[in-house]
Amino acid sequence: MAISQEEQHAGGGRDYAEPAPQPFLGSSELRRWSLYRAAIAEFVATLLFLYVTVATVIGHKRRQDEGGDGEACGGVGLLGVAWAFGGTIFLLVYCTAGVSGGHVNPAVTLGLLVARKVTLLRAALYVAAQCLGAGLVRALNSAHFARHGGGPNVVGDGYSKGAGLAAEVAGTFVLVYTVFSATDAKRSARDSHIPVLAPLPIGFAVHLATIPITGTGINPARSFGAAVVYNQPNAWHDQWIFWVGPLVGSAIATLYHEHVLRASTLKALGSFKGARQ
């Protein structure tokens, strides 16, 4: 049976309605337990994410320091580090998506704020919870973290600060673009398997490609938490790159997806013109 063009635009014949933009401030959310429950979920998820991933980085560096490179299975290697990041974020997004949306990253939260999918109040509470969860990782770790570098994001040897910033912008662009594409409500209406598979591409996007350049930040909470764990000058020296880069990349990805691919601005303008006629 052929599907008309109108049905294709409506999501393959399934019912679809564009979600209404969230209020900008959202002060009414302060009276809802769901807001605080979501912030707690973001706090716990970020804490677990940082604990597992930074521990993996430290374990990798410890094996290198102890001369474990020559042993078979002597360490996880860079591929293992990438799998640890991707796999952990996959699990955490899957577990928390129904509670908080599974952001686990201030850059993702900023993108959703720019797209009017979360309120300013919710976004601010999420970022605070994410950074607090990242900062508390220090209390759960042993002396190995300080001894073996603490896993902070720094610009790699042989790369300029500009190259590091560009890598963070590009990496976060791909990450946030993947988030929007994988969780698009219209796409979910057309492809029922998307909600189940959404965390998988989100988890594995970009991590391996930018490890040599910056250690793959693309998450200000991750970079902040690792810097707190290590707490040495070199961990803070380039910290601005791991905030500016992800936030710029997130904003560009949001504008690209929402206003170019989805043409939200043109749709809103067309609706406005139609209402006047």
# chains A, B, ... in the order shown; residues from 1 in each chain; ligands from 1
>>> residues_around(residues="Leu247 in chain A", least_positions_apart="3", cutoff="10 Å", atoms="only C-alpha atoms", output="list in words")
Pro106, Ala107, Val108, Thr109, Leu110, Gly111, Glu168, Val169, Thr172, Phe173, Ile218, Asn219, Pro220, Ile241, Phe242, Trp243, Val244, Ser250, Ala251, Ile252 and Ala253 of chain A
>>> residues_around(residues="Pro21 in chain A", least_positions_apart="5", cutoff="8 Å", atoms="only C-alpha atoms", output="list in words")
Ala115, Arg116 and Lys117 of chain A
>>> atom_distance(atom1="CA of Ala38 in chain A", atom2="CA of Ala129 in chain A")
9.6 Å
>>> atom_distance(atom1="CA of Ala163 in chain A", atom2="CA of Pro212 in chain A")
11.2 Å
>>> atom_distance(atom1="CA of Val176 in chain A", atom2="CA of Ser223 in chain A")
16.9 Å
>>> residues_around(residues="range 23-26 of chain A", least_positions_apart="2", cutoff="6 Å", atoms="only C-alpha atoms", output="PDB file with all heavy atoms, in the first residue's frame")
ATOM      1  N   SER A  28       7.132  27.247  37.850  1.00  0.00           N
ATOM      2  CA  SER A  28       6.088  26.371  38.388  1.00  0.00           C
ATOM      3  C   SER A  28       6.630  24.978  38.708  1.00  0.00           C
ATOM      4  O   SER A  28       6.045  24.248  39.512  1.00  0.00           O
ATOM      5  CB  SER A  28       4.929  26.255  37.391  1.00  0.00           C
ATOM      6  OG  SER A  28       5.367  25.682  36.167  1.00  0.00           O
ATOM      7  N   GLU A  29       7.774  24.594  38.100  1.00  0.00           N
ATOM      8  CA  GLU A  29       8.349  23.276  38.356  1.00  0.00           C
ATOM      9  C   GLU A  29       8.870  23.127  39.773  1.00  0.00           C
ATOM     10  O   GLU A  29       9.069  22.000  40.245  1.00  0.00           O
ATOM     11  CB  GLU A  29       9.492  23.003  37.368  1.00  0.00           C
ATOM     12  CG  GLU A  29       9.032  22.758  35.947  1.00  0.00           C
ATOM     13  CD  GLU A  29      10.148  22.224  35.073  1.00  0.00           C
ATOM     14  OE1 GLU A  29      11.181  22.911  34.952  1.00  0.00           O
ATOM     15  OE2 GLU A  29       9.982  21.127  34.517  1.00  0.00           O
ATOM     16  N   THR A 119      13.270  23.782  30.696  1.00  0.00           N
ATOM     17  CA  THR A 119      13.212  25.157  31.197  1.00  0.00           C
ATOM     18  C   THR A 119      14.573  25.588  31.725  1.00  0.00           C
ATOM     19  O   THR A 119      15.445  24.749  31.996  1.00  0.00           O
ATOM     20  CB  THR A 119      12.179  25.273  32.324  1.00  0.00           C
ATOM     21  OG1 THR A 119      12.615  24.468  33.447  1.00  0.00           O
ATOM     22  CG2 THR A 119      10.804  24.782  31.863  1.00  0.00           C
ATOM     23  N   LEU A 120      14.762  26.885  31.874  1.00  0.00           N
ATOM     24  CA  LEU A 120      16.008  27.413  32.416  1.00  0.00           C
ATOM     25  C   LEU A 120      16.237  26.906  33.840  1.00  0.00           C
ATOM     26  O   LEU A 120      17.355  26.542  34.205  1.00  0.00           O
ATOM     27  CB  LEU A 120      15.976  28.945  32.403  1.00  0.00           C
ATOM     28  CG  LEU A 120      17.206  29.652  33.000  1.00  0.00           C
ATOM     29  CD1 LEU A 120      18.459  29.287  32.214  1.00  0.00           C
ATOM     30  CD2 LEU A 120      16.993  31.161  33.017  1.00  0.00           C
ATOM     31  N   LEU A 121      15.194  26.869  34.637  1.00  0.00           N
ATOM     32  CA  LEU A 121      15.320  26.395  36.016  1.00  0.00           C
ATOM     33  C   LEU A 121      15.766  24.935  36.051  1.00  0.00           C
ATOM     34  O   LEU A 121      16.670  24.568  36.807  1.00  0.00           O
ATOM     35  CB  LEU A 121      13.979  26.555  36.740  1.00  0.00           C
ATOM     36  CG  LEU A 121      13.948  26.119  38.199  1.00  0.00           C
ATOM     37  CD1 LEU A 121      14.886  26.976  39.029  1.00  0.00           C
ATOM     38  CD2 LEU A 121      12.525  26.216  38.753  1.00  0.00           C
TER      39      LEU A 121
END
>>> residues_around(residues="Val52 in chain A", least_positions_apart="2", cutoff="12 Å", atoms="only C-alpha atoms", output="PyMOL selection string")
chain A and resi 45-50+54-59+81-89+91-92+134+137+140-141+151+222+226
>>> write_last_selection(atoms="C-alpha atoms", output="mmCIF file, in the first residue's frame")
data_model
loop_
_atom_site.group_PDB
_atom_site.id
_atom_site.type_symbol
_atom_site.label_atom_id
_atom_site.label_comp_id
_atom_site.auth_asym_id
_atom_site.auth_seq_id
_atom_site.Cartn_x
_atom_site.Cartn_y
_atom_site.Cartn_z
ATOM 1 C CA ALA A 45 24.280 9.152 36.900
ATOM 2 C CA THR A 46 27.114 11.681 36.573
ATOM 3 C CA LEU A 47 28.742 10.362 39.749
ATOM 4 C CA LEU A 48 28.665 6.800 38.397
ATOM 5 C CA PHE A 49 29.818 7.921 34.955
ATOM 6 C CA LEU A 50 32.838 9.749 36.334
ATOM 7 C CA VAL A 54 38.083 8.042 35.376
ATOM 8 C CA ALA A 55 38.924 4.750 37.130
ATOM 9 C CA THR A 56 39.346 3.152 33.698
ATOM 10 C CA VAL A 57 41.696 5.923 32.556
ATOM 11 C CA ILE A 58 43.747 5.618 35.741
ATOM 12 C CA GLY A 59 43.910 1.853 35.395
ATOM 13 C CA VAL A 81 38.879 3.460 27.416
ATOM 14 C CA ALA A 82 36.565 4.449 24.552
ATOM 15 C CA TRP A 83 34.353 1.431 25.234
ATOM 16 C CA ALA A 84 34.233 2.323 28.926
ATOM 17 C CA PHE A 85 33.015 5.840 28.139
ATOM 18 C CA GLY A 86 30.588 4.776 25.444
ATOM 19 C CA GLY A 87 29.238 1.741 27.262
ATOM 20 C CA THR A 88 28.785 3.542 30.575
ATOM 21 C CA ILE A 89 26.930 6.461 29.030
ATOM 22 C CA LEU A 91 23.716 2.237 30.281
ATOM 23 C CA LEU A 92 23.160 5.435 32.255
ATOM 24 C CA ALA A 134 31.472 14.907 39.247
ATOM 25 C CA VAL A 137 34.156 11.347 42.702
ATOM 26 C CA LEU A 140 35.451 7.639 46.419
ATOM 27 C CA ASN A 141 38.922 7.170 44.998
ATOM 28 C CA GLY A 151 42.495 11.276 34.382
ATOM 29 C CA ARG A 222 33.517 14.965 33.225
ATOM 30 C CA ALA A 226 38.582 14.726 36.756
#
>>> closest_residue(among="A:Ser27, A:Ala123, A:Glu258, A:Pro152", to="Asn231 in chain A", atoms="only C-alpha atoms")
A:Pro152
>>> select_by_dssp(residues="range 89-190 of chain A", states="helix (DSSP H, G or I)", output="number ranges by chain")
A: 89-96, 106-114, 120-140, 144-147, 161-182, 185-190
